[in-house]
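The file coords.txt contains compact mmCIF, C-alpha atoms:
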# COMPACT_ATOMS: atom_id res chain seq x y z
CA MET W 625 -63.98 11.95 3.61
CA ASN W 626 -63.34 8.42 2.37
CA ASN W 627 -62.69 8.31 -1.40
CA ARG W 628 -62.78 4.51 -1.53
CA HIS W 629 -65.24 3.25 -4.12
CA PRO W 630 -67.91 1.01 -2.53
CA SER W 631 -67.43 -1.68 -5.20
CA LEU W 632 -64.04 -2.41 -3.67
CA ASP W 633 -65.79 -3.88 -0.62
CA ILE W 634 -66.43 -7.11 -2.55
CA LYS W 635 -62.73 -7.85 -3.10
CA ASN W 636 -61.63 -11.25 -1.82
CA THR W 637 -65.13 -12.27 -0.71
CA LEU W 638 -64.93 -15.54 -2.71
CA GLY W 639 -61.21 -16.16 -2.48
CA ASN W 640 -57.79 -14.59 -2.80
CA GLU W 641 -56.40 -16.45 -5.82
CA LEU W 642 -56.13 -13.21 -7.78
CA ASN W 643 -55.12 -10.99 -4.88
CA GLY W 644 -52.73 -8.29 -6.02
CA LYS W 645 -53.33 -9.01 -9.71
CA LYS W 646 -54.14 -6.21 -12.14
CA ILE W 647 -56.50 -7.31 -14.91
CA ILE W 648 -57.43 -5.22 -17.92
CA LEU W 649 -60.93 -6.24 -19.00
CA CYS W 650 -61.41 -5.29 -22.65
CA VAL W 651 -65.08 -5.23 -23.61
CA THR W 652 -65.96 -5.42 -27.32
CA GLY W 653 -69.23 -4.90 -29.16
CA SER W 654 -70.60 -8.39 -28.64
CA VAL W 655 -74.12 -8.59 -27.22
CA ALA W 656 -72.49 -10.53 -24.37
CA ALA W 657 -71.10 -7.18 -23.18
CA VAL W 658 -74.16 -7.04 -20.96
CA LYS W 659 -72.42 -9.67 -18.77
CA SER W 660 -69.16 -7.70 -18.45
CA SER W 661 -70.00 -6.09 -15.13
CA GLU W 662 -70.74 -9.53 -13.66
CA LEU W 663 -67.41 -10.86 -14.92
CA ALA W 664 -65.56 -7.86 -13.53
CA ARG W 665 -67.13 -8.29 -10.12
CA LEU W 666 -66.40 -12.04 -10.09
CA LEU W 667 -62.73 -11.31 -10.77
CA MET W 668 -62.78 -8.75 -7.95
CA ARG W 669 -64.42 -11.22 -5.57
CA HIS W 670 -61.35 -13.39 -6.12
CA GLY W 671 -59.04 -10.46 -5.33
CA ALA W 672 -58.20 -8.86 -8.68
CA GLU W 673 -58.17 -5.16 -9.41
CA VAL W 674 -60.06 -4.72 -12.69
CA PHE W 675 -59.53 -1.90 -15.16
CA PRO W 676 -62.18 -1.76 -17.92
CA VAL W 677 -61.39 -0.78 -21.50
CA MET W 678 -64.37 -0.47 -23.82
CA SER W 679 -64.59 -0.30 -27.59
CA SER W 680 -66.95 2.26 -29.12
CA ALA W 681 -69.26 -0.61 -30.09
CA ALA W 682 -69.31 -1.82 -26.47
CA CYS W 683 -70.27 1.70 -25.34
CA LYS W 684 -73.34 1.46 -27.57
CA LEU W 685 -74.47 -1.68 -25.73
CA ILE W 686 -73.61 -0.76 -22.15
CA HIS W 687 -72.81 2.60 -20.63
CA PRO W 688 -69.27 3.17 -19.30
CA ASP W 689 -70.81 4.20 -15.96
CA LEU W 690 -71.87 0.58 -15.44
CA MET W 691 -68.26 -0.59 -15.66
CA TYR W 692 -67.16 2.23 -13.35
CA TRP W 693 -69.80 1.13 -10.84
CA ALA W 694 -68.72 -2.50 -11.19
CA THR W 695 -64.97 -1.95 -10.81
CA GLY W 696 -64.39 1.39 -9.13
CA ASN W 697 -62.12 2.33 -12.05
CA MET W 698 -63.10 4.69 -14.85
CA PRO W 699 -63.19 2.78 -18.12
CA VAL W 700 -60.93 3.76 -20.97
CA THR W 701 -63.22 4.47 -23.92
CA GLU W 702 -60.74 6.25 -26.19
CA LEU W 703 -57.03 6.81 -26.42
CA THR W 704 -55.94 10.30 -25.53
CA GLY W 705 -52.62 12.06 -25.13
CA LYS W 706 -52.28 10.33 -21.75
CA VAL W 707 -51.22 7.12 -23.59
CA GLU W 708 -53.51 4.94 -21.49
CA HIS W 709 -52.54 1.83 -23.45
CA VAL W 710 -48.87 2.21 -22.46
CA GLU W 711 -49.72 2.81 -18.81
CA LEU W 712 -51.97 -0.26 -18.67
CA ALA W 713 -50.08 -2.73 -20.83
CA GLY W 714 -46.73 -1.24 -21.79
CA ASN W 715 -43.33 -2.14 -20.40
CA THR W 716 -43.88 -0.17 -17.17
CA LYS W 717 -43.91 -0.89 -13.45
CA THR W 718 -47.69 -0.43 -13.44
CA LYS W 719 -48.50 -2.80 -16.30
CA ALA W 720 -51.26 -5.37 -16.05
CA ASP W 721 -50.79 -9.00 -15.13
CA LEU W 722 -53.45 -10.04 -17.64
CA ILE W 723 -55.35 -8.56 -20.55
CA LEU W 724 -58.69 -10.31 -20.86
CA VAL W 725 -60.79 -9.62 -23.96
CA ALA W 726 -64.24 -10.77 -22.95
CA PRO W 727 -66.59 -10.84 -24.61
CA SER W 728 -64.85 -10.83 -27.93
CA THR W 729 -66.37 -10.73 -31.35
CA ALA W 730 -65.04 -12.78 -34.26
CA ASN W 731 -64.03 -9.47 -35.82
CA THR W 732 -61.86 -8.60 -32.81
CA ILE W 733 -60.30 -12.07 -32.64
CA GLY W 734 -59.44 -11.86 -36.35
CA LYS W 735 -57.86 -8.45 -35.92
CA ILE W 736 -55.77 -9.61 -32.96
CA ALA W 737 -54.67 -12.75 -34.80
CA ASN W 738 -53.56 -10.72 -37.81
CA GLY W 739 -52.00 -7.80 -35.94
CA ILE W 740 -54.57 -5.29 -37.19
CA ASP W 741 -54.89 -2.24 -34.97
Step by step, read the file and then write its structure as structure tokens.
Amino acid sequence: MNNRHPSLDIKNTLGNELNGKKIILCVTGSVAAVKSSELARLLMRHGAEVFPVMSSAACKLIHPDLMYWATGNMPVTELTGKVEHVELAGNTKTKADLILVAPSTANTIGKIANGID
């Protein structure tokens, strides 16, 4: 049985500029979160592998299953003992090439700018 997620079939259909790149797509509680699946799939169409991370506010606007459908990767919706944040963005061999926070609320931008967790 093939375990390949069908969303992966769209990779590189618009180009290969992002081929081999690992992008963490962080979705915040902005109403623009409804566009996140489209953004994820556009990145994939240019070759990227997209890993969604969703805030609790984002999960209230769109269901995590939508981002799983869009990317083929289960979204991170909470930090557990598996230290997902280190695996995705830490100083490891598997770390991401880019962390994209989109959409982002003013609240999130302010917290990032001031180092607030």
Contacts between stretch 684-695 of chain W and stretch 628-649 of chain W, please, where a residue of stretch 628-649 of chain W counts if it comes within 10 Å (with only C-alpha atoms); show its shortest atom pair and distance in Å to one decimal, rows by chain and ascending number, as JSON lines.
{"residue": "W:His629", "atom": "CA", "partner": "W:Trp693", "partner_atom": "CA", "distance": 8.4}
{"residue": "W:Pro630", "atom": "CA", "partner": "W:Trp693", "partner_atom": "CA", "distance": 8.5}
{"residue": "W:Ser631", "atom": "CA", "partner": "W:Thr695", "partner_atom": "CA", "distance": 6.1}
{"residue": "W:Leu632", "atom": "CA", "partner": "W:Thr695", "partner_atom": "CA", "distance": 7.2}
{"residue": "W:Ile634", "atom": "CA", "partner": "W:Thr695", "partner_atom": "CA", "distance": 9.8}
{"residue": "W:Lys635", "atom": "CA", "partner": "W:Thr695", "partner_atom": "CA", "distance": 10.0}
{"residue": "W:Leu649", "atom": "CA", "partner": "W:Met691", "partner_atom": "CA", "distance": 9.8}
Enumerate, as a ChimeraX atom specification, the protein, DNA and RNA residues whose atoms approach (-51.0, -9.3, -20.3) to within 8 Å, taking into account all atoms listed in the file and the coordinate frame of the file. /W:647-648,713,720-724
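For the set W:Ala657, W:Val651, W:Val677, W:Leu667, the residue with the smallest atom-to-atom gap to W:Glu708 is W:Val677, counting only C-alpha atoms.
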Which value, in Å to one decimal, gives the distance between atom CA of W:Ile736 and atom CA of W:Gly714? 16.6 Å
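Nearest residue to W:Gly653 among W:Leu666, W:Val674, W:Met698, W:Val725 is W:Val725, counting only C-alpha atoms.
Of note, atom CA of W:Lys645 and atom CA of W:Gly671 are spaced 7.3 Å apart.
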